[in-house]
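S.K.: For reference, the file final.txt (compact mmCIF, C-alpha atoms) is included below:
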```txt
# COMPACT_ATOMS: atom_id res chain seq x y z
CA MET A 172 14.12 6.37 0.11
CA ALA A 173 17.32 7.11 -1.77
CA GLY A 174 18.99 10.48 -2.08
CA LYS A 175 18.50 13.36 0.33
CA TYR A 176 17.47 11.28 3.36
CA SER A 177 19.36 8.05 2.66
CA GLU A 178 21.64 8.59 5.66
CA TYR A 179 18.66 8.17 7.99
CA GLU A 180 17.29 4.93 6.57
CA GLN A 181 19.54 2.72 8.71
CA TYR A 182 18.12 4.08 11.96
CA THR A 183 14.99 3.03 13.85
CA ASP A 184 12.23 5.54 14.58
CA ASP A 185 13.26 5.60 18.24
CA GLU A 186 16.84 6.43 17.31
CA LEU A 187 15.73 9.12 14.89
CA ILE A 188 13.40 10.76 17.40
CA ASP A 189 16.12 10.71 20.03
CA ARG A 190 18.49 12.47 17.62
CA LEU A 191 15.78 14.93 16.61
CA ARG A 192 15.18 15.88 20.23
CA ARG A 193 18.88 16.48 20.60
CA GLY A 194 18.74 19.11 17.86
CA GLU A 195 19.10 17.30 14.52
CA GLU A 196 16.19 19.16 12.90
CA PRO A 197 16.39 17.73 9.32
CA ILE A 198 15.15 14.42 10.76
CA MET A 199 11.66 15.91 11.10
CA ASP A 200 11.53 16.38 7.31
CA TYR A 201 12.59 12.75 6.86
CA ILE A 202 9.86 11.52 9.23
CA CYS A 203 7.26 13.57 7.32
CA VAL A 204 8.34 11.99 4.03
CA LYS A 205 8.48 8.51 5.58
CA TYR A 206 4.96 8.73 7.01
CA LYS A 207 3.24 10.71 4.23
CA ASN A 208 1.59 7.58 2.80
CA LEU A 209 0.14 6.71 6.22
CA VAL A 210 -1.31 10.22 6.46
CA ARG A 211 -2.79 9.97 2.95
CA SER A 212 -4.28 6.56 3.70
CA LYS A 213 -5.96 7.85 6.86
CA ALA A 214 -7.24 10.92 5.00
CA LYS A 215 -8.78 8.70 2.34
CA SER A 216 -10.70 6.66 4.93
CA MET A 217 -11.86 9.75 6.85
CA PHE A 218 -12.99 11.48 3.63
CA ILE A 219 -16.32 9.64 3.75
CA LEU A 220 -17.21 11.65 6.84
CA GLY A 221 -17.52 14.76 4.69
CA ALA A 222 -14.22 16.61 5.14
CA ASP A 223 -11.96 17.93 2.38
CA ASN A 224 -9.13 15.53 1.57
CA GLU A 225 -6.40 18.20 1.51
CA ASP A 226 -7.60 19.61 4.83
CA LEU A 227 -7.48 16.12 6.30
CA ILE A 228 -3.90 15.63 5.06
CA GLN A 229 -2.92 18.89 6.75
CA GLU A 230 -4.57 17.76 9.97
CA GLY A 231 -2.83 14.41 9.64
CA MET A 232 0.54 16.13 9.44
CA ILE A 233 -0.32 18.08 12.59
CA GLY A 234 -1.13 14.74 14.23
CA LEU A 235 2.26 13.41 13.08
CA PHE A 236 4.07 16.39 14.61
CA LYS A 237 2.21 15.80 17.87
CA ALA A 238 3.20 12.13 17.75
CA VAL A 239 6.87 13.07 17.42
CA ARG A 240 6.50 15.58 20.25
CA ASP A 241 4.66 13.29 22.65
CA TYR A 242 6.07 9.84 21.86
CA ASP A 243 7.37 8.08 24.97
CA MET A 244 9.85 5.36 24.02
CA GLY A 245 9.46 3.60 27.33
CA ARG A 246 5.67 3.66 27.41
CA ASP A 247 4.29 3.41 23.86
CA ALA A 248 4.47 0.13 21.95
CA SER A 249 6.03 1.58 18.79
CA PHE A 250 6.24 4.94 17.12
CA TYR A 251 4.25 3.70 14.11
CA THR A 252 1.33 2.63 16.30
CA PHE A 253 1.46 5.85 18.31
CA ALA A 254 1.68 7.97 15.15
CA GLU A 255 -1.28 6.15 13.59
CA LEU A 256 -3.34 6.91 16.69
CA CYS A 257 -2.33 10.59 16.81
CA ILE A 258 -3.01 11.07 13.09
CA SER A 259 -6.45 9.42 13.27
CA ARG A 260 -7.39 11.35 16.40
CA GLN A 261 -6.32 14.70 14.91
CA MET A 262 -8.27 14.06 11.72
CA TYR A 263 -11.39 12.92 13.54
CA THR A 264 -11.30 15.96 15.82
CA ALA A 265 -11.17 18.15 12.70
CA VAL A 266 -14.09 16.26 11.13
CA GLN A 267 -16.17 16.70 14.28
CA ALA A 268 -15.43 20.43 14.35
CA SER A 269 -16.39 20.71 10.68
CA LYS A 270 -19.64 18.83 11.24
CA ARG A 271 -20.55 21.15 14.09
CA ARG A 272 -20.14 24.09 11.70
CA LYS A 273 -22.09 22.48 8.87
CA HIS A 274 -24.30 19.46 9.36
CA GLN A 275 -23.27 16.59 7.07
CA PRO A 276 -26.21 14.32 6.11
CA LEU A 277 -25.99 10.57 6.27
CA ASN A 278 -26.60 10.16 2.54
CA THR A 279 -23.16 11.68 1.78
CA TYR A 280 -21.49 8.62 3.27
CA VAL A 281 -19.97 6.57 0.42
CA SER A 282 -17.95 3.40 -0.04
CA LEU A 283 -19.16 1.86 3.18
CA ASP A 284 -18.05 -1.58 1.96
CA SER A 285 -14.36 -0.74 1.88
CA GLY A 286 -13.31 -4.36 2.14
CA LYS A 287 -10.90 -3.51 4.92
CA PRO A 288 -10.18 -6.21 7.47
CA ALA A 289 -11.06 -5.62 11.09
CA ALA A 290 -8.38 -3.90 13.13
CA GLU A 291 -5.86 -5.97 15.01
CA GLY A 292 -7.42 -7.89 17.87
CA ASP A 293 -10.93 -7.62 16.42
CA GLU A 294 -12.34 -11.11 15.99
CA LYS A 295 -16.06 -10.36 16.01
CA GLU A 296 -18.02 -10.72 12.79
CA GLU A 297 -18.39 -7.27 11.25
CA VAL A 298 -21.80 -6.21 9.94
CA ARG A 299 -21.45 -3.03 7.88
CA LEU A 300 -24.09 -0.35 7.92
CA SER A 301 -24.37 -0.65 4.15
CA ASP A 302 -25.58 -4.23 4.66
CA LEU A 303 -28.58 -2.71 6.43
CA LEU A 304 -29.36 -0.27 3.59
CA ALA A 305 -31.23 -1.04 0.37
CA ASP A 306 -29.29 -1.71 -2.84
CA LYS A 307 -29.79 1.38 -5.02
CA ALA A 308 -28.25 -0.08 -8.20
CA GLU A 309 -31.47 -0.98 -10.06
CA LEU A 310 -34.01 1.40 -8.55
CA SER A 311 -36.55 3.32 -10.64
CA PRO A 312 -36.93 7.13 -10.19
CA GLU A 313 -39.97 6.51 -7.98
CA GLU A 314 -38.05 4.02 -5.88
CA LEU A 315 -35.09 6.38 -5.66
CA PHE A 316 -37.40 9.09 -4.32
CA LEU A 317 -38.79 6.73 -1.72
CA ASP A 318 -35.29 5.59 -0.85
CA LYS A 319 -34.18 9.20 -0.32
CA GLU A 320 -37.10 9.64 2.07
CA ARG A 321 -35.95 6.50 3.86
CA VAL A 322 -32.41 7.83 4.16
CA ASP A 323 -33.72 11.16 5.46
CA TYR A 324 -35.76 9.28 8.05
CA LEU A 325 -32.77 7.17 9.03
CA GLU A 326 -30.58 10.26 9.35
CA LYS A 327 -33.05 11.95 11.69
CA ALA A 328 -33.55 8.74 13.68
CA ILE A 329 -29.80 8.31 14.16
CA GLU A 330 -29.50 11.91 15.32
CA ASN A 331 -32.32 11.46 17.84
CA GLN A 332 -31.85 7.89 19.05
CA LEU A 333 -28.07 7.42 19.23
CA SER A 334 -26.07 8.88 22.08
CA ASP A 335 -23.13 11.20 21.35
CA PHE A 336 -20.73 8.33 22.04
CA GLU A 337 -22.67 5.96 19.76
CA ARG A 338 -22.63 8.52 16.93
CA GLN A 339 -18.86 8.92 17.33
CA VAL A 340 -18.43 5.15 17.22
CA LEU A 341 -20.64 4.97 14.11
CA ASP A 342 -18.60 7.68 12.37
CA LEU A 343 -15.35 5.82 12.87
CA TYR A 344 -16.89 2.42 12.14
CA LEU A 345 -17.95 3.74 8.73
CA THR A 346 -14.29 4.49 7.95
CA GLY A 347 -13.49 0.78 8.29
CA MET A 348 -12.11 0.80 11.84
CA GLY A 349 -12.77 -2.07 14.23
CA TYR A 350 -13.83 -1.46 17.81
CA GLY A 351 -10.27 -1.73 19.15
CA GLN A 352 -9.02 1.07 16.92
CA ILE A 353 -12.13 3.15 17.58
CA ALA A 354 -11.56 2.83 21.32
CA ARG A 355 -8.01 4.12 21.00
CA VAL A 356 -8.99 7.07 18.81
CA LEU A 357 -11.77 8.11 21.20
CA GLY A 358 -9.73 7.35 24.31
CA ARG A 359 -12.38 4.96 25.63
CA ASP A 360 -12.42 1.44 27.03
CA GLU A 361 -12.55 -1.31 24.37
CA LYS A 362 -15.42 -3.13 26.08
CA ALA A 363 -17.50 0.05 26.32
CA THR A 364 -16.78 0.81 22.67
CA ASP A 365 -17.75 -2.69 21.54
CA ASN A 366 -20.95 -2.47 23.60
CA ALA A 367 -21.78 0.87 21.97
CA LEU A 368 -21.17 -0.63 18.53
CA GLN A 369 -23.51 -3.54 19.23
CA ARG A 370 -26.16 -1.17 20.64
CA LEU A 371 -26.08 1.16 17.67
CA LYS A 372 -26.30 -1.76 15.21
CA ALA A 373 -29.37 -3.04 17.04
CA LYS A 374 -30.94 0.43 17.05
CA ILE A 375 -30.33 0.91 13.31
CA ARG A 376 -31.86 -2.49 12.54
CA LYS A 377 -35.00 -1.42 14.43
CA MET A 378 -35.05 1.90 12.55
CA LEU A 379 -35.07 -0.01 9.25
```
Hey, can you dump this file as structure tokens for me?

M.R.:
Amino acid sequence: MAGKYSEYEQYTDDELIDRLRRGEEPIMDYICVKYKNLVRSKAKSMFILGADNEDLIQEGMIGLFKAVRDYDMGRDASFYTFAELCISRQMYTAVQASKRRKHQPLNTYVSLDSGKPAAEGDEKEEVRLSDLLADKAELSPEELFLDKERVDYLEKAIENQLSDFERQVLDLYLTGMGYGQIARVLGRDEKATDNALQRLKAKIRKML
């Protein structure tokens, strides 16, 4: 990152945040530039939940500011990990608020097979929701109509048969997160999150 912020490149995040808290305000601009690609990447994955990409980027930057404000060097593993959590949590909170204002149907979910690997520590075999849905590539107009009815049914069934926690887990699972990452974003126990993921998969299979 040559040029304007090159003087900061030799320092660790911990050192930079320490200096920022002691009044060296330009460091905040450097941190924003350094982490802008992380924010954009998170916004891209959350976009499938129905939010506007630019709005998500703005929320992500708010999450980054909160990470800088709340980061505890003696408690948190690394600033990158803490920032990733704060950014994801801020974006998901915004998505949830948006969905409460305007219901977002299941058939707006796209790119469910993102090809992303499971999050760190996730060793279970991942079964994506799209694997449970019919392939629409070669469907006739009649079949497409029937498939839309099927999606509408599935949407209503998910709304009625999944708990609030299970729906939150499903939302984040569709972005490519593994259960460990989902647990951290939602502030829940990993085992409880994994159990919810297995329950909702079983419920969706029955719905189909």

S.K.: Work out how far atom CA of Lys270 of chain A is from atom CA of Asn224 of chain A, in Å to one decimal.

M.R.: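 Separating atom CA of Asn224 of chain A from atom CA of Lys270 of chain A is a distance of 14.7 Å.
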
S.K.: Ranking A:Phe218, A:Tyr176, A:Tyr206, A:Tyr263 by minimum distance to Val239 of chain A and counting all atoms listed in the file, which one comes first?

M.R.: A:Tyr206

S.K.: Give me the box for segment 346-362 of chain A as lines of an AutoDock Vina configuration file, namely the centre and edge lengths in Å to one decimal of a box along x, y and z that holds every listed atom plus 5 Å on each side.

M.R.:
```
center_x = -11.7
center_y = 2.5
center_z = 17.5
size_x = 17.4
size_y = 21.2
size_z = 29.1
```

S.K.: Just the number, please: distance in Å from atom CA of Gln352 of chain A to atom CA of Tyr324 of chain A, one decimal.

M.R.: 29.3 Å

S.K.: What is the distance between atom CA of Gly347 of chain A and atom CA of Leu371 of chain A, in Å to one decimal?

M.R.: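 Atom CA of Gly347 of chain A sits 15.7 Å away from atom CA of Leu371 of chain A.
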
S.K.: Which residues, written as an MDAnalysis selection string, have at least one atom at most 12 Å from Asp200 of chain A, with all atoms listed in the file counted and residues fewer than 5 positions away on the same chain left out?

M.R.: chainID A and resid 175:176 179 187:188 191 195 205:207 232 235:236 239
